[in-house]
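J.: You'll find target-v4.cif just under this line, and it carries mmCIF, C-alpha atoms and all ligand atoms.
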data_upload
loop_
_atom_site.label_atom_id
_atom_site.label_comp_id
_atom_site.auth_asym_id
_atom_site.auth_seq_id
_atom_site.Cartn_x
_atom_site.Cartn_y
_atom_site.Cartn_z
CA MET G 1 0.00 0.00 0.00
CA ASN G 2 1.04 3.61 -0.45
CA PRO G 3 2.10 5.26 2.78
CA LEU G 4 -0.78 6.80 4.65
CA THR G 5 -0.85 10.52 5.35
CA GLN G 6 0.32 11.13 8.89
CA LEU G 7 -2.59 12.65 10.74
CA ASP G 8 -2.55 15.34 13.39
CA SER G 9 -5.76 14.15 14.98
CA LEU G 10 -8.71 11.83 14.73
CA GLU G 11 -12.20 12.40 16.06
CA ILE G 12 -14.47 9.40 16.35
CA ARG G 13 -18.16 10.13 16.88
CA VAL G 14 -20.13 7.02 17.75
CA LEU G 15 -23.47 7.26 15.95
CA ILE G 16 -24.65 3.70 16.52
CA ASN G 17 -23.44 1.28 19.16
CA ASP G 18 -25.10 -1.44 21.20
CA GLN G 19 -24.04 0.03 24.51
CA LEU G 20 -24.93 3.42 25.89
CA ASP G 21 -23.25 5.08 28.85
CA ASN G 22 -23.56 8.85 28.99
CA ILE G 23 -21.65 9.09 32.24
CA ALA G 24 -18.46 7.11 31.59
CA PRO G 25 -15.45 9.27 30.74
CA SER G 26 -12.32 7.91 29.07
CA TRP G 27 -9.80 7.04 31.77
CA HIS G 28 -7.06 6.82 29.14
CA PRO G 29 -4.80 9.90 29.16
CA GLU G 30 -4.44 9.80 25.36
CA VAL G 31 -8.14 9.43 24.54
CA HIS G 32 -10.19 12.54 25.03
CA ALA G 33 -13.82 11.77 25.93
CA PRO G 34 -15.13 13.67 28.92
CA GLY G 35 -18.33 11.65 29.38
CA ARG G 36 -20.57 12.97 32.19
CA PHE G 37 -23.20 14.10 29.64
CA ALA G 38 -20.73 16.54 28.02
CA HIS G 39 -21.46 15.16 24.54
CA ILE G 40 -25.19 15.83 24.82
CA ARG G 41 -26.51 19.02 23.26
CA LEU G 42 -27.62 21.64 25.74
CA ALA G 43 -30.72 23.73 25.14
CA GLU G 44 -30.67 27.47 25.76
CA LEU G 45 -33.36 28.68 28.10
CA ASP G 46 -35.20 31.85 27.18
CA GLU G 47 -35.21 34.80 29.51
CA THR G 48 -38.44 33.85 31.29
CA ALA G 49 -37.39 30.26 31.80
CA ALA G 50 -33.95 31.34 32.98
CA LYS G 51 -35.46 33.73 35.49
CA ALA G 52 -37.65 30.98 36.90
CA ARG G 53 -34.59 28.74 37.29
CA GLY G 54 -32.25 30.94 39.23
CA ASP G 55 -30.66 32.39 36.07
CA ALA G 56 -29.60 29.02 34.69
CA GLN G 57 -29.08 29.66 30.98
CA LEU G 58 -28.81 26.08 29.81
CA GLU G 59 -30.83 22.91 30.19
CA LEU G 60 -29.57 19.36 29.84
CA ARG G 61 -32.27 17.52 27.94
CA LEU G 62 -31.85 13.81 28.41
CA PRO G 63 -34.10 13.03 25.45
CA ASN G 64 -31.19 14.42 23.38
CA SER G 65 -29.21 11.38 24.50
CA CYS G 66 -28.58 8.84 21.74
CA CYS G 67 -30.32 5.49 21.63
CA GLY G 68 -28.26 2.36 22.03
CA ALA G 69 -29.03 0.00 19.16
CA HIS G 70 -27.51 -3.09 17.61
CA GLY G 71 -24.72 -2.30 15.18
CA LEU G 72 -21.89 0.12 14.71
CA SER G 73 -21.65 3.45 12.93
CA LEU G 74 -18.64 5.68 13.43
CA MET G 75 -18.19 9.15 11.97
CA ILE G 76 -14.42 9.44 11.73
CA THR G 77 -12.87 12.84 11.04
CA ALA G 78 -9.17 12.91 10.17
CA THR G 79 -7.11 16.10 10.20
CA ALA G 80 -3.66 16.68 8.73
CA GLY G 81 -2.56 20.31 8.56
CA ASP G 82 -5.43 22.26 7.06
CA VAL G 83 -6.90 19.24 5.26
CA GLN G 84 -9.79 17.44 6.88
CA HIS G 85 -11.84 14.48 5.71
CA THR G 86 -14.75 12.65 7.30
CA LEU G 87 -15.54 9.01 6.66
CA LEU G 88 -18.73 7.28 7.78
CA PHE G 89 -17.80 3.79 8.89
CA ASP G 90 -21.03 1.84 8.39
CA ALA G 91 -24.50 2.99 9.40
CA GLY G 92 -25.92 0.12 11.43
CA PRO G 93 -28.95 -1.86 10.32
CA GLU G 94 -31.73 0.55 11.28
CA GLY G 95 -32.10 3.80 9.34
CA GLU G 96 -34.56 5.31 11.80
CA ILE G 97 -32.18 5.00 14.72
CA TRP G 98 -29.28 6.37 12.68
CA GLU G 99 -31.41 9.38 11.72
CA LYS G 100 -32.67 9.84 15.27
CA ASN G 101 -29.19 9.74 16.79
CA VAL G 102 -27.73 12.09 14.18
CA GLU G 103 -30.55 14.56 14.83
CA ARG G 104 -30.18 14.27 18.59
CA LEU G 105 -26.47 14.98 18.33
CA GLY G 106 -27.24 18.07 16.28
CA LEU G 107 -25.22 16.74 13.34
CA VAL G 108 -28.06 16.87 10.86
CA ASN G 109 -26.75 20.08 9.31
CA GLU G 110 -23.19 18.88 9.50
CA ILE G 111 -23.43 15.61 7.61
CA GLY G 112 -26.29 14.36 6.45
CA GLY G 113 -29.72 1.86 7.84
CA LEU G 114 -27.53 3.05 4.79
CA GLN G 115 -29.92 4.53 2.24
CA ARG G 116 -31.24 7.03 4.79
CA ALA G 117 -27.67 7.94 5.64
CA ILE G 118 -26.92 8.53 1.95
CA GLU G 119 -29.99 10.73 1.52
CA MET G 120 -29.22 12.76 4.62
CA ILE G 121 -25.53 13.19 3.80
CA ASN G 122 -26.31 14.21 0.22
CA LYS G 123 -28.90 16.69 1.45
CA ALA G 124 -26.34 18.24 3.78
CA LYS G 125 -23.63 18.21 1.08
CA SER G 126 -25.96 19.94 -1.41
CA LYS G 127 -25.74 23.05 0.76
CA SER G 128 -21.94 23.17 0.57
CA THR G 129 -19.96 25.20 -1.94
CA SER G 130 -18.94 22.12 -3.93
CA PRO G 131 -21.84 19.68 -3.73
CA THR G 132 -21.08 16.11 -4.78
CA ASN G 133 -22.88 12.88 -4.06
CA VAL G 134 -21.50 10.77 -1.26
CA THR G 135 -19.13 8.02 -2.43
CA MET G 136 -19.67 4.51 -1.07
CA ASP G 137 -16.71 2.16 -0.98
CA LEU G 138 -18.01 -1.42 -1.07
CA HIS G 139 -16.69 -4.91 -1.58
CA PRO G 140 -17.93 -6.31 -4.92
CA ASN G 141 -18.81 -9.73 -3.53
CA ARG G 142 -21.79 -8.90 -1.35
CA PRO G 143 -24.60 -11.43 -0.99
CA PHE G 144 -28.26 -10.55 -1.39
CA TYR G 145 -28.99 -12.09 1.98
CA ARG G 146 -27.02 -13.32 4.93
CA GLY G 147 -28.42 -15.83 7.35
CA MET G 148 -27.75 -18.52 9.87
CA VAL G 149 -28.38 -22.23 10.10
CA THR G 150 -30.69 -23.20 12.96
CA PRO G 151 -32.48 -26.40 13.98
CA ALA G 152 -35.62 -24.73 12.63
CA GLY G 153 -34.02 -24.25 9.21
CA PRO G 154 -32.21 -21.26 7.76
CA ILE G 155 -33.06 -17.89 9.27
CA SER G 156 -32.53 -15.00 6.90
CA LEU G 157 -31.46 -11.53 7.85
CA GLU G 158 -33.08 -8.65 5.99
CA ALA G 159 -31.75 -7.90 2.52
CA ASP G 160 -28.60 -5.82 2.33
CA PRO G 161 -29.27 -2.91 -0.03
CA THR G 162 -28.15 -3.76 -3.56
CA PHE G 163 -25.67 -1.62 -5.48
CA THR G 164 -28.58 -0.38 -7.61
CA GLU G 165 -30.61 0.58 -4.55
CA LEU G 166 -27.66 2.45 -3.07
CA GLU G 167 -27.15 4.31 -6.35
CA ALA G 168 -30.87 5.06 -6.47
CA ALA G 169 -30.56 6.55 -2.99
CA GLY G 170 -27.93 8.91 -4.39
CA ALA G 171 -24.58 7.23 -3.71
CA THR G 172 -21.69 7.00 -6.14
CA VAL G 173 -20.74 3.36 -5.65
CA THR G 174 -17.13 2.21 -6.00
CA LYS G 175 -16.33 -1.49 -5.69
CA ASN G 176 -12.97 -2.59 -4.36
CA ALA G 177 -11.79 -6.07 -3.50
CA GLN G 178 -8.20 -4.94 -2.93
CA GLY G 179 -6.77 -2.76 -0.19
CA HIS G 180 -6.51 0.88 -1.22
CA ASN G 181 -6.13 4.39 0.13
CA ILE G 182 -8.87 7.01 -0.04
CA LEU G 183 -9.38 10.68 0.80
CA ASP G 184 -5.87 12.05 0.25
CA ASP G 185 -4.33 8.88 1.65
CA MET G 186 -5.82 9.58 5.06
CA PHE G 187 -7.67 6.27 5.19
CA PHE G 188 -6.75 2.76 4.09
CA VAL G 189 -9.62 0.41 3.24
CA SER G 190 -8.45 -3.19 3.42
CA GLY G 191 -8.95 -6.04 1.01
CA GLN G 192 -9.60 -9.59 2.18
CA ILE G 193 -8.26 -10.22 5.65
CA PRO G 194 -5.99 -13.30 5.91
CA ARG G 195 -7.15 -15.77 8.55
CA THR G 196 -4.05 -16.79 10.47
CA THR G 197 -5.19 -17.67 14.00
CA LEU G 198 -6.57 -21.10 14.82
CA TYR G 199 -9.28 -19.81 17.13
CA GLU G 200 -10.86 -17.10 14.93
CA THR G 201 -13.02 -19.32 12.77
CA GLY G 202 -15.75 -16.92 11.69
CA ILE G 203 -19.43 -17.22 12.42
CA SER G 204 -20.54 -20.77 13.08
CA GLY G 205 -23.61 -21.54 10.97
CA GLY G 206 -23.18 -18.43 8.82
CA ILE G 207 -24.79 -18.72 5.37
CA ARG G 208 -25.33 -16.50 2.33
CA LEU G 209 -27.77 -16.38 -0.54
CA ASP G 210 -26.59 -15.03 -3.89
CA ASP G 211 -29.09 -16.78 -6.10
CA SER G 212 -32.39 -18.20 -4.90
CA ASP G 213 -32.13 -21.12 -7.36
CA ALA G 214 -28.76 -22.14 -5.93
CA GLY G 215 -30.05 -21.83 -2.37
CA TRP G 216 -28.15 -20.96 0.78
CA GLN G 217 -24.39 -21.51 0.78
CA ALA G 218 -22.20 -21.98 3.84
CA ASP G 219 -20.32 -18.76 4.60
CA PRO G 220 -18.83 -18.89 8.08
CA LEU G 221 -15.80 -16.79 7.08
CA ILE G 222 -17.57 -13.75 5.55
CA LEU G 223 -14.52 -13.05 3.42
CA ASP G 224 -15.89 -9.77 2.07
CA GLU G 225 -15.57 -8.08 5.47
CA ARG G 226 -12.92 -5.36 5.55
CA PHE G 227 -11.40 -2.84 7.94
CA VAL G 228 -10.33 0.78 7.76
CA MET G 229 -7.18 2.30 9.24
CA CYS G 230 -5.35 5.58 9.66
CA ASN G 231 -1.85 6.61 10.71
CA LEU G 232 -1.69 9.01 13.62
CA ARG G 233 1.64 10.80 13.45
CA GLY G 234 4.10 9.63 16.08
CA LYS G 235 1.55 7.24 17.59
CA GLY G 236 0.84 4.61 14.96
CA LEU G 237 -1.96 2.78 13.23
CA VAL G 238 -5.56 3.33 14.30
CA VAL G 239 -7.66 0.40 13.09
CA PHE G 240 -11.45 0.43 12.75
CA THR G 241 -13.12 -2.96 12.61
CA GLY G 242 -16.87 -3.27 12.10
CA CYS G 243 -17.82 -6.68 13.38
CA SER G 244 -14.56 -8.66 13.30
CA HIS G 245 -16.01 -11.77 11.74
CA ALA G 246 -12.43 -12.20 10.52
CA GLY G 247 -11.27 -12.06 14.14
CA VAL G 248 -9.89 -8.93 15.75
CA VAL G 249 -6.41 -10.47 15.98
CA ASN G 250 -6.45 -11.35 12.27
CA VAL G 251 -7.59 -7.79 11.56
CA SER G 252 -4.88 -6.27 13.75
CA ARG G 253 -2.13 -8.52 12.40
CA HIS G 254 -3.05 -7.71 8.80
CA ALA G 255 -3.15 -4.01 9.61
CA VAL G 256 0.41 -4.22 10.95
CA GLU G 257 1.49 -6.38 8.00
CA VAL G 258 0.38 -3.82 5.42
CA GLY G 259 1.11 -0.80 7.58
CA GLY G 260 4.67 -0.27 6.35
CA GLY G 261 6.42 -0.77 9.67
CA VAL G 262 4.17 1.61 11.59
CA PRO G 263 3.27 0.16 15.00
CA LEU G 264 -0.29 -0.61 16.04
CA TYR G 265 -1.60 2.19 18.23
CA ALA G 266 -5.36 1.66 18.58
CA VAL G 267 -8.11 -0.78 17.65
CA ALA G 268 -11.72 0.46 17.68
CA GLY G 269 -15.02 -1.22 16.87
CA GLY G 270 -16.71 -4.59 17.24
CA PHE G 271 -14.39 -7.37 18.45
CA HIS G 272 -17.19 -9.96 18.19
CA LEU G 273 -16.56 -11.78 21.44
CA SER G 274 -19.89 -11.20 23.21
CA ASP G 275 -20.75 -14.89 23.00
CA ALA G 276 -17.22 -16.33 22.91
CA GLN G 277 -15.93 -18.93 25.33
CA LEU G 278 -13.46 -17.58 27.88
CA ASP G 279 -10.48 -19.42 26.34
CA LYS G 280 -11.08 -17.64 23.03
CA VAL G 281 -11.36 -14.31 24.83
CA GLN G 282 -8.05 -15.02 26.59
CA GLU G 283 -6.27 -16.16 23.43
CA THR G 284 -7.50 -13.00 21.70
CA THR G 285 -6.33 -10.65 24.43
CA ASN G 286 -2.98 -12.43 24.78
CA ASP G 287 -2.33 -12.16 21.04
CA LEU G 288 -3.51 -8.56 20.95
CA ALA G 289 -1.12 -7.78 23.80
CA LYS G 290 1.78 -9.12 21.69
CA LEU G 291 1.00 -6.37 19.16
CA ASP G 292 1.21 -3.88 22.05
CA PRO G 293 -1.70 -1.58 21.14
CA LYS G 294 -1.79 1.45 23.40
CA VAL G 295 -5.56 1.93 23.10
CA LEU G 296 -8.38 -0.60 22.78
CA MET G 297 -11.84 0.80 22.06
CA PRO G 298 -14.27 -2.14 22.08
CA GLY G 299 -17.89 -1.52 21.14
CA HIS G 300 -20.89 -3.15 19.45
CA CYS G 301 -20.41 -6.95 19.62
CA SER G 302 -17.24 -7.00 21.76
CA GLY G 303 -18.89 -8.08 25.01
CA TRP G 304 -17.87 -7.31 28.56
CA ARG G 305 -15.50 -10.23 29.04
CA VAL G 306 -12.92 -8.99 26.51
CA GLN G 307 -13.11 -5.57 28.15
CA VAL G 308 -12.38 -7.08 31.55
CA GLU G 309 -9.69 -9.45 30.30
CA ALA G 310 -7.94 -6.79 28.19
CA GLU G 311 -7.99 -4.34 31.08
CA ARG G 312 -6.56 -7.05 33.34
CA ILE G 313 -3.53 -7.80 31.14
CA MET G 314 -3.18 -4.32 29.55
CA PRO G 315 -4.22 -2.05 32.42
CA GLY G 316 -5.32 1.44 31.50
CA ARG G 317 -5.57 0.81 27.77
CA VAL G 318 -9.26 -0.07 27.42
CA VAL G 319 -11.75 2.65 26.46
CA PRO G 320 -15.15 1.05 25.74
CA ILE G 321 -17.07 3.17 23.24
CA TYR G 322 -20.65 4.27 23.77
CA ALA G 323 -23.35 5.61 21.47
CA GLY G 324 -23.31 9.37 21.14
CA GLN G 325 -19.90 9.96 22.67
CA LYS G 326 -17.00 11.53 20.78
CA TYR G 327 -13.46 10.26 21.20
CA GLY G 328 -10.43 12.37 20.29
CA LEU G 329 -6.98 11.01 19.49
CA SER G 330 -3.99 13.24 18.89
CA ALA G 331 -0.60 12.95 17.21
CA LEU G 332 2.56 13.02 19.25
CA LEU G 333 3.49 16.65 19.71
ZN ZN Q 401 -19.42 -8.62 15.42
#
Write out the structure in this file as structure tokens.
T.:
Amino acid sequence: MNPLTQLDSLEIRVLINDQLDNIAPSWHPEVHAPGRFAHIRLAELDETAAKARGDAQLELRLPNSCCGAHGLSLMITATAGDVQHTLLFDAGPEGEIWEKNVERLGLVNEIGGLQRAIEMINKAKSKSTSPTNVTMDLHPNRPFYRGMVTPAGPISLEADPTFTELEAAGATVTKNAQGHNILDDMFFVSGQIPRTTLYETGISGGIRLDDSDAGWQADPLILDERFVMCNLRGKGLVVFTGCSHAGVVNVSRHAVEVGGGVPLYAVAGGFHLSDAQLDKVQETTNDLAKLDPKVLMPGHCSGWRVQVEAERIMPGRVVPIYAGQKYGLSALL
């Protein structure tokens, strides 16, 4: 891969995440997230209301708190000098929640389920000085349906939007099976993630449907899953993993492998260990520790046991991410 642009800072706004905790601050000295409701929009009280409340000018409205919901959506803003780019890392499965959270965070004028995200982002971009449709970077080998084998027969998930549907919603779709840089080399989008560990075996019972005549096909490995990473100057690689069906260690190892000698600094996203046996959780944390990441930001499907285990063997490095909160990372000064 081409070298990534060395960033001055990264801001990660969590738009969708399974867990919600408006109170928890980051205890990590290099991750800025004040918690304690600081990320929730305050409402200004008018003069009459202020007078009736002992001159308080602002009101904390808890209904402006985000909703926790299954999935992961991160709005990642990278800054290098005076250049800034924002990448939306997934949108979660439910458009209504994505829209609700974005509105509650007051981001609806700033940026814009996936089609709703496209429409909202395009609407927001149309007001800018150089309006362009949002570009979607997708793997070409996406199934029409994913599902799982159960004793009651296959259970299908809802349809993923097709390329045509995404284009109809207003996206410019680019398909990439290989790793590549985007947005002035600020972000690397991976290709297929090599599976090197013995214990990260994908999703047991995972199936896919590409053609209803051919029927469901076994797909435990979900080889079209990818990750995104950045290079924070003086700190190292910041890796974003959506659901880690490839295994978070496989993801992290591949990131280091293609990262041009830059050390692993942070891993953020779904580690997919919520339902894992303890020995798998321990093998994962032990192998992650060998890569010496300075920050671990588990969310979505990570589960509490990997948080506890990682904190036990890498004390001080775990910053669980919560819906609505914003996490700042900075380059070495
Ligand atoms: Zn997952």
J.: Could you state the separation of atom CA of G:Asn133 and atom CA of G:Leu87 in Å, given to one decimal place?
T.: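 About the pair atom CA of G:Asn133 and atom CA of G:Leu87: they are 13.6 Å apart.
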J.: For G:Pro320, find every residue with an atom within 7 Å (counting all atoms listed in the file), except residues of its own chain fewer than 4 positions away, and show them as an MDAnalysis selection string.
T.: chainID G and resid 297:299
J.: For chain G versus ligand ZN 401 (chain Q), which residues have an atom no more than 9 Å away, and what is each residue's nearest atom pair and distance in Å rounded to one decimal, using only C-alpha atoms and all ligand atoms, chain-then-number order, as CSV?
T.:
residue,atom,partner,partner_atom,distance
G:Gly71,CA,Q:ZN401,ZN,8.3
G:Thr241,CA,Q:ZN401,ZN,8.9
G:Gly242,CA,Q:ZN401,ZN,6.8
G:Cys243,CA,Q:ZN401,ZN,3.2
G:Ser244,CA,Q:ZN401,ZN,5.3
G:His245,CA,Q:ZN401,ZN,5.9
G:Gly247,CA,Q:ZN401,ZN,8.9
G:Gly269,CA,Q:ZN401,ZN,8.7
G:Gly270,CA,Q:ZN401,ZN,5.2
G:Phe271,CA,Q:ZN401,ZN,6.0
G:His272,CA,Q:ZN401,ZN,3.8
G:Leu273,CA,Q:ZN401,ZN,7.4
G:Ser274,CA,Q:ZN401,ZN,8.2
G:His300,CA,Q:ZN401,ZN,7.0
G:Cys301,CA,Q:ZN401,ZN,4.6
G:Ser302,CA,Q:ZN401,ZN,6.9
J.: When you count only C-alpha atoms, which of these residues is closest to G:Val102: G:Ile193, G:Ala310, G:Met120, G:Val149?
T.: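 Answer, going by the shortest atom-to-atom distance: G:Met120.
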J.: Could you name the residues that touch G:Trp216 at 10 Å or less, counting all atoms listed in the file, but leaving out those on the same chain fewer than 5 positions away, as a ChimeraX atom specification?
T.: /G:145-149,154,156,206-211
J.: Select, from G:Met1, G:Leu198, G:Ile222, G:Leu58, the residue with the minimum atom-to-atom distance to G:Asn250, counting all atoms listed in the file.
T.: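 Using all atoms listed in the file, the shortest distance to G:Asn250 belongs to G:Leu198.
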J.: For a quick check of understanding, using only C-alpha atoms, which of G:Thr150, G:Ser190, G:Thr284, G:Thr79 has the smallest distance to G:Gly328?
T.: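 Nearest candidate to G:Gly328 out of G:Thr150, G:Ser190, G:Thr284, G:Thr79: G:Thr79.
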J.: Would you list the contacts of G:Asp292 as a ChimeraX atom specification, taking every protein, DNA or RNA residue within 10 Å and counting only C-alpha atoms, but skipping same-chain residues closer than 3 positions in sequence?
T.: /G:263-266,286-289,295,314
J.: Interatomic distance between atom CA of G:Ser252 and atom CA of G:Leu157?
T.: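 It comes out at 27.7 Å.
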J.: Quick one: residues within 6 Å of G:Ser73, all atoms listed in the file counted, chain neighbours fewer than 5 positions away excluded, as a list of chain:residue names?
T.: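 Everything that qualifies: G:Leu15, G:Ile16, G:Phe89, G:Asp90, G:Ala91, G:Gly92.
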J.: Write out, as JSON lines, each residue of stretch 102-191 of chain G that has an atom at most 10 Å from stretch 38-53 of chain G, together with the closest pair of atoms and their distance in Å to one decimal, counting all atoms listed in the file, rows going by chain and rising number.
T.:
{"residue": "G:Arg104", "atom": "CA", "partner": "G:Arg41", "partner_atom": "CA", "distance": 7.6}
{"residue": "G:Leu105", "atom": "CA", "partner": "G:Arg41", "partner_atom": "CA", "distance": 6.4}
{"residue": "G:Gly106", "atom": "CA", "partner": "G:Arg41", "partner_atom": "CA", "distance": 7.1}
J.: Between G:Gln115, G:Ser204, G:Asn17, G:Gln84, single out the one closest to G:Cys67, counting only C-alpha atoms.
T.: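 The answer is G:Asn17, which sits nearest to G:Cys67.
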J.: Can you pull out every residue within 9 Å of G:Val262, counting all atoms listed in the file, but drop anything in the same chain fewer than 4 positions away, and send it as a list in words?
T.: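 Those residues are Asn231, Lys235, Gly236, Leu237 and Val256 of chain G.
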J.: Return the single residue from G:Gly153, G:Leu60, G:Val251, G:Tyr322 that is closest to G:Glu200, with distances computed using all atoms listed in the file.
T.: G:Val251
J.: Please, what distance in Å, to one decimal, runs between atom CA of G:Ala171 and atom CA of G:Thr5?
T.: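 Straight-line distance from atom CA of G:Ala171 to atom CA of G:Thr5 works out to 25.6 Å.
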J.: Smallest atom-to-atom distance to G:Asp184: which of G:Glu59, G:Pro293, G:Val83, G:Glu311, using only C-alpha atoms?
T.: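 Using only C-alpha atoms, the shortest distance to G:Asp184 belongs to G:Val83.
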J.: Can you rebuild stretch 43-69 of chain G with N, CA and C atoms and give it as a CSV table (one decimal), keeping the file's coordinate frame?
T.:
chain,number,residue,atom,x,y,z
G,43,ALA,N,-29.7,22.8,25.7
G,43,ALA,CA,-30.7,23.7,25.1
G,43,ALA,C,-30.6,25.1,25.9
G,44,GLU,N,-30.7,26.2,25.1
G,44,GLU,CA,-30.7,27.5,25.8
G,44,GLU,C,-32.1,27.8,26.3
G,45,LEU,N,-32.1,28.3,27.5
G,45,LEU,CA,-33.4,28.7,28.1
G,45,LEU,C,-33.6,30.1,27.7
G,46,ASP,N,-34.9,30.4,27.5
G,46,ASP,CA,-35.2,31.8,27.2
G,46,ASP,C,-35.2,32.6,28.5
G,47,GLU,N,-35.4,33.9,28.4
G,47,GLU,CA,-35.2,34.8,29.5
G,47,GLU,C,-36.2,34.4,30.6
G,48,THR,N,-37.4,34.2,30.3
G,48,THR,CA,-38.4,33.8,31.3
G,48,THR,C,-38.1,32.5,32.0
G,49,ALA,N,-37.7,31.6,31.2
G,49,ALA,CA,-37.4,30.3,31.8
G,49,ALA,C,-36.2,30.4,32.7
G,50,ALA,N,-35.2,31.2,32.2
G,50,ALA,CA,-34.0,31.3,33.0
G,50,ALA,C,-34.2,32.0,34.3
G,51,LYS,N,-35.1,33.0,34.3
G,51,LYS,CA,-35.5,33.7,35.5
G,51,LYS,C,-36.1,32.8,36.5
G,52,ALA,N,-37.0,31.9,36.0
G,52,ALA,CA,-37.6,31.0,36.9
G,52,ALA,C,-36.7,29.9,37.4
G,53,ARG,N,-35.5,29.8,36.9
G,53,ARG,CA,-34.6,28.7,37.3
G,53,ARG,C,-33.3,29.3,37.8
G,54,GLY,N,-33.4,30.4,38.6
G,54,GLY,CA,-32.2,30.9,39.2
G,54,GLY,C,-31.2,31.4,38.3
G,55,ASP,N,-31.6,31.9,37.1
G,55,ASP,CA,-30.7,32.4,36.1
G,55,ASP,C,-29.8,31.3,35.4
G,56,ALA,N,-30.3,30.1,35.5
G,56,ALA,CA,-29.6,29.0,34.7
G,56,ALA,C,-29.9,29.3,33.2
G,57,GLN,N,-28.9,29.3,32.4
G,57,GLN,CA,-29.1,29.7,31.0
G,57,GLN,C,-29.3,28.4,30.1
G,58,LEU,N,-28.8,27.3,30.6
G,58,LEU,CA,-28.8,26.1,29.8
G,58,LEU,C,-29.5,24.9,30.5
G,59,GLU,N,-30.1,24.1,29.7
G,59,GLU,CA,-30.8,22.9,30.2
G,59,GLU,C,-30.3,21.7,29.5
G,60,LEU,N,-30.0,20.7,30.4
G,60,LEU,CA,-29.6,19.4,29.8
G,60,LEU,C,-30.8,18.5,29.6
G,61,ARG,N,-31.1,18.3,28.3
G,61,ARG,CA,-32.3,17.5,27.9
G,61,ARG,C,-31.9,16.1,27.7
G,62,LEU,N,-32.2,15.2,28.6
G,62,LEU,CA,-31.8,13.8,28.4
G,62,LEU,C,-32.5,13.1,27.2
G,63,PRO,N,-33.6,13.6,26.7
G,63,PRO,CA,-34.1,13.0,25.4
G,63,PRO,C,-33.2,13.3,24.3
G,64,ASN,N,-32.2,14.2,24.4
G,64,ASN,CA,-31.2,14.4,23.4
G,64,ASN,C,-30.1,13.4,23.4
G,65,SER,N,-30.2,12.5,24.4
G,65,SER,CA,-29.2,11.4,24.5
G,65,SER,C,-29.5,10.4,23.3
G,66,CYS,N,-28.4,9.8,22.8
G,66,CYS,CA,-28.6,8.8,21.7
G,66,CYS,C,-29.3,7.6,22.2
G,67,CYS,N,-29.8,6.8,21.3
G,67,CYS,CA,-30.3,5.5,21.6
G,67,CYS,C,-29.2,4.5,21.4
G,68,GLY,N,-29.1,3.5,22.3
G,68,GLY,CA,-28.3,2.4,22.0
G,68,GLY,C,-29.0,1.5,21.1
G,69,ALA,N,-28.4,0.9,20.1
G,69,ALA,CA,-29.0,0.0,19.2
G,69,ALA,C,-28.0,-1.0,18.6
